[in-house]
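All remarks here apply to the structure that follows.
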Amino acid sequence: GTTLLLNLFAQLPGVATHRYSDFPFVFVPFAWSRLQGRMGKTAEPVERAHRDRIKITKDSPEAFEEPIWAYFFPASHDPRAVHRLTAAHRRTQFDDFFLDHLRKMLLLRGGDRYVSKGNYNVARIEYLGDLLPDARFVVPVRHPVAHVGSLMRQHQLFTEYSEHDARVPQYLQATGHFEFGPQRVPVNIDAEDAHRNADAFFARQGHVGYAMMWRSIYSHVSALTRMNDGLAGRITWVRYEDLCQDTEGTLRRLARFCELEAGIDSLLAGLSD
C-alpha cells in the first residue's frame with residue numbers, strides 16, 4: 001500500500017514529492033525540470049509495470065531518493081551488509097546534500113511538506129529521525145502471507161520482463177529498486193539477518209527469504225516504537241487491511257499524525273465520488 005498512500009498524500013495541499021519525470025537526473029532537479037518543460041505534454045495515464053491497476057504518467061508521484069543514498073552509502077544494497085543506519089552513521093557530506101535536495105524539491109513543487117515513499121528508509125528511521133527532528137514515519141504493514149505472496153508475484157513478473165529486455169534490470173538498479181527481479185537484494189537489519197536472507201535468496205527459496213525479511217523489518221520497527229524516547233512517538237503503523245476496509249478513518253488518523261489535516265475532507269470527498 002505504499003504507492004497508494006503516496007498518491008493520496010500527494011493530493012493534499014502543500015505536499016511535494018518526487019515524480020517519475022525526475023529520473024534519471026535526480027541529482028540536478030532544477031536543470032532537468034527546465035529541460036522537461038520543453039519536451040511536450042503529459043501522455044495519457046497507463047498501468048504501471050507492476051500490473052496492479054495503478055495508472056501513471058510522467059507527473060505521477062514516485063520515490064527517487066534511493067540513488068542519492070546509494071551514492072553516499074555504497075553498501076546500501078550489498079546483500080551481505082547490514083543496512084540499518086542510525087544517528088551514529090551520520091555523514092556531514094550526505095546530510096548537507098540531502099537537506100539541500102529536499103529544499104529544492106519543495107521549491108520546485110511549490111510545497112512546504114515533503115512526502116517520501118522510500119521503502120528502504122525503514123532501515124534508516126533512526127538516521128532520518130536525528131537528521132529531521134520534525135519528521136513523521138508511517139510504516140505500512142500487511143498480513144505476512146499476503147505480503148510474501150505479493151512480493152513473489154512481483155519478483156516473477158519482473159524476472160520475466162528482464163528475460164525479454166536487458167534494460168529492465170538496469171533500470172531497476174539505477175532507480176534503486178532491489179525488492180524483486182534478478183537483482184533482488186534483501187533489506188538487512190543486522191548481521192544474522194544479512195546471512196540468513198542472502199542464503200535463502202541464493203538457494204532460490206524466495207518465499208522463505210521474504211518471510212524472514214518481513215519478521216526482521218517489523219520486529220525492528222516494533223522495537224523502535226517501544227523505546228522510551230522522542231522517536232517512538234513519531235512512528236505509526238498503518239495496516240493494509242485497515243486502509244482497505246476503513247479508508248476514511250485510516251486516512252484521517254494518518255493526516256492527524258502527520259499534521260496534514262488541511263485538505264483531507266476534500267480528498268475523502270473525491271474518493272467517494
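For the C-alpha cells, the naming scheme is as follows: chains receive sequential letters (A, B, ...) according to their order of presentation, residues are indexed from 1 within each chain, and ligands are indexed from 1 in presentation order.
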
Could you give me, as a PyMOL selection string, the residues within 9 Å of A:His155, counting only C-alpha atoms and dropping anything in the same chain fewer than 6 positions from it?
chain A and resi 179-182+184+206

Go ahead and write the residues just picked, N, CA and C atoms, as a PDB file, in the first residue's frame.
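Heads up, here's the output in out.pdb:
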ATOM      1  N   GLU A 179      13.840  -4.814  -4.569  1.00  0.00           N
ATOM      2  CA  GLU A 179      12.882  -5.654  -3.857  1.00  0.00           C
ATOM      3  C   GLU A 179      12.581  -6.940  -4.596  1.00  0.00           C
ATOM      4  N   PHE A 180      12.687  -6.896  -5.946  1.00  0.00           N
ATOM      5  CA  PHE A 180      12.349  -8.071  -6.747  1.00  0.00           C
ATOM      6  C   PHE A 180      13.063  -7.969  -8.080  1.00  0.00           C
ATOM      7  N   GLY A 181      13.001  -9.053  -8.855  1.00  0.00           N
ATOM      8  CA  GLY A 181      13.718  -9.097 -10.127  1.00  0.00           C
ATOM      9  C   GLY A 181      15.073  -9.766  -9.961  1.00  0.00           C
ATOM     10  N   PRO A 182      15.824  -9.925 -11.048  1.00  0.00           N
ATOM     11  CA  PRO A 182      17.087 -10.668 -10.987  1.00  0.00           C
ATOM     12  C   PRO A 182      18.155 -10.022 -10.114  1.00  0.00           C
ATOM     13  N   ARG A 184      17.586  -8.852  -7.132  1.00  0.00           N
ATOM     14  CA  ARG A 184      16.967  -8.829  -5.803  1.00  0.00           C
ATOM     15  C   ARG A 184      17.990  -8.900  -4.671  1.00  0.00           C
ATOM     16  N   GLY A 206      12.754 -17.954  -2.312  1.00  0.00           N
ATOM     17  CA  GLY A 206      12.334 -16.569  -2.179  1.00  0.00           C
ATOM     18  C   GLY A 206      11.272 -16.361  -1.117  1.00  0.00           C
TER      19      GLY A 206
END

Backbone-only DSSP, helix (DSSP H, G or I) members of stretch 45-184 of chain A, as a ChimeraX atom specification
/A:66-72,74-77,87-89,92-109,119-123,125-131,144-164,167-175

What gap, in Å, lies between atom CA of A:His207 and atom CA of A:Thr225?
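So the two atoms, atom CA of A:His207 and atom CA of A:Thr225, lie 27.1 Å apart.
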
I'd like the neighbourhood of stretch 248-262 of chain A as an MDAnalysis selection string, where a residue qualifies if any of its atoms comes within 12 Å (using only C-alpha atoms), though same-chain residues fewer than 3 positions away should be ignored.
chainID A and resid 4:6 8:15 112:115 134:140 233:245 265:272

Tell me which protein, DNA and RNA residues are within 12 Å of A:Gln173, counting only C-alpha atoms, leaving out same-chain ones fewer than 6 positions away, and put them as a list in words.
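Once the nearby chain positions are removed, what remains is Pro24, Phe64, Glu66, Pro67, Ala70, Ser76, His77, Ser162, Ala166, Arg167, Glu179, Phe180, Gly181, Pro182, Gln183, Arg184 and Val185 of chain A.
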
Quick one: pull the distance between atom CA of A:Phe201 and atom CA of A:Pro186, Å, one decimal.
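Atom CA of A:Phe201 sits 8.2 Å away from atom CA of A:Pro186.
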
Pick out the closest residue to A:Leu85 from this set: A:Ala146, A:Val141, A:Ile189, A:Val26. Count only C-alpha atoms.
A:Ile189

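Proximity to stretch 119-131 of chain A at 6 Å, evaluated using only C-alpha atoms and with sequence-adjacent residues fewer than 3 positions away removed, yields Arg84, Leu85, Thr86 and Ala87 of chain A.
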
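When only C-alpha atoms are used to compute distances to A:Pro45, the closest of the residues A:Ser60, A:Pro169, A:Phe94, A:Thr17 turns out to be A:Ser60.
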
Looking only at strand (DSSP E or B) from DSSP on the backbone, list the matching residues of stretch 65-197 of chain A as an mmCIF file with all heavy atoms, in the first residue's frame.
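Result saved to part-v6.cif:
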data_model
loop_
_atom_site.group_PDB
_atom_site.id
_atom_site.type_symbol
_atom_site.label_atom_id
_atom_site.label_comp_id
_atom_site.auth_asym_id
_atom_site.auth_seq_id
_atom_site.Cartn_x
_atom_site.Cartn_y
_atom_site.Cartn_z
ATOM 1 N N ARG A 113 5.689 20.782 2.668
ATOM 2 C CA ARG A 113 5.889 19.488 3.319
ATOM 3 C C ARG A 113 6.340 18.493 2.258
ATOM 4 O O ARG A 113 5.779 18.454 1.158
ATOM 5 C CB ARG A 113 4.594 18.984 3.978
ATOM 6 C CG ARG A 113 4.097 19.838 5.124
ATOM 7 C CD ARG A 113 4.991 19.758 6.346
ATOM 8 N NE ARG A 113 5.126 18.417 6.859
ATOM 9 C CZ ARG A 113 4.242 17.831 7.651
ATOM 10 N NH1 ARG A 113 3.118 18.451 7.973
ATOM 11 N NH2 ARG A 113 4.455 16.616 8.111
ATOM 12 N N TYR A 114 7.314 17.687 2.596
ATOM 13 C CA TYR A 114 7.839 16.705 1.652
ATOM 14 C C TYR A 114 7.411 15.308 2.097
ATOM 15 O O TYR A 114 7.577 14.942 3.270
ATOM 16 C CB TYR A 114 9.366 16.787 1.590
ATOM 17 C CG TYR A 114 9.994 15.735 0.713
ATOM 18 C CD1 TYR A 114 9.987 15.865 -0.674
ATOM 19 C CD2 TYR A 114 10.584 14.600 1.267
ATOM 20 C CE1 TYR A 114 10.551 14.900 -1.486
ATOM 21 C CE2 TYR A 114 11.155 13.631 0.464
ATOM 22 C CZ TYR A 114 11.139 13.778 -0.903
ATOM 23 O OH TYR A 114 11.694 12.809 -1.709
ATOM 24 N N PHE A 137 7.021 9.177 10.633
ATOM 25 C CA PHE A 137 7.271 7.927 9.918
ATOM 26 C C PHE A 137 6.021 7.054 9.933
ATOM 27 O O PHE A 137 5.560 6.623 10.993
ATOM 28 C CB PHE A 137 8.447 7.183 10.549
ATOM 29 C CG PHE A 137 9.720 7.978 10.566
ATOM 30 C CD1 PHE A 137 10.068 8.743 11.674
ATOM 31 C CD2 PHE A 137 10.567 7.991 9.457
ATOM 32 C CE1 PHE A 137 11.235 9.491 11.682
ATOM 33 C CE2 PHE A 137 11.725 8.737 9.452
ATOM 34 C CZ PHE A 137 12.059 9.487 10.561
ATOM 35 N N VAL A 138 5.469 6.821 8.750
ATOM 36 C CA VAL A 138 4.292 5.969 8.590
ATOM 37 C C VAL A 138 4.775 4.635 8.032
ATOM 38 O O VAL A 138 5.356 4.576 6.948
ATOM 39 C CB VAL A 138 3.278 6.613 7.632
ATOM 40 C CG1 VAL A 138 2.108 5.665 7.387
ATOM 41 C CG2 VAL A 138 2.793 7.946 8.190
ATOM 42 N N VAL A 139 4.544 3.568 8.765
ATOM 43 C CA VAL A 139 5.052 2.247 8.387
ATOM 44 C C VAL A 139 3.881 1.344 8.011
ATOM 45 O O VAL A 139 3.154 0.851 8.880
ATOM 46 C CB VAL A 139 5.857 1.610 9.535
ATOM 47 C CG1 VAL A 139 6.434 0.265 9.099
ATOM 48 C CG2 VAL A 139 6.978 2.548 9.982
ATOM 49 N N PRO A 140 3.668 1.116 6.721
ATOM 50 C CA PRO A 140 2.598 0.205 6.308
ATOM 51 C C PRO A 140 2.961 -1.247 6.627
ATOM 52 O O PRO A 140 4.123 -1.647 6.516
ATOM 53 C CB PRO A 140 2.517 0.412 4.791
ATOM 54 C CG PRO A 140 3.250 1.691 4.520
ATOM 55 C CD PRO A 140 4.305 1.755 5.584
ATOM 56 N N VAL A 141 1.977 -2.019 7.029
ATOM 57 C CA VAL A 141 2.195 -3.431 7.320
ATOM 58 C C VAL A 141 1.014 -4.219 6.780
ATOM 59 O O VAL A 141 -0.121 -3.745 6.804
ATOM 60 C CB VAL A 141 2.384 -3.680 8.833
ATOM 61 C CG1 VAL A 141 1.160 -3.267 9.615
ATOM 62 C CG2 VAL A 141 2.756 -5.126 9.122
#

Name all residues at most 9 Å from A:Ile56 (count only C-alpha atoms; drop same-chain ones fewer than 6 positions away) and give them as a PDB file with C-alpha atoms, in the first residue's frame.
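So the final result, stored in result02.pdb, reads:
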ATOM      1  CA  TYR A  20       8.576   9.820 -12.452  1.00  0.00           C
ATOM      2  CA  GLU A  44      -2.396   9.599 -21.200  1.00  0.00           C
ATOM      3  CA  PRO A  45      -2.148   7.520 -17.994  1.00  0.00           C
ATOM      4  CA  VAL A  46      -1.050   3.895 -18.421  1.00  0.00           C
ATOM      5  CA  GLU A  47      -0.972   0.987 -15.988  1.00  0.00           C
ATOM      6  CA  ARG A  48       2.432   0.698 -14.385  1.00  0.00           C
TER       7      ARG A  48
END

Nearest to A:Leu106 by atom-to-atom distance, counting only C-alpha atoms, from A:Ala16, A:Leu172, A:Arg204, A:Thr247
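The answer is A:Ala16, which sits nearest to A:Leu106.
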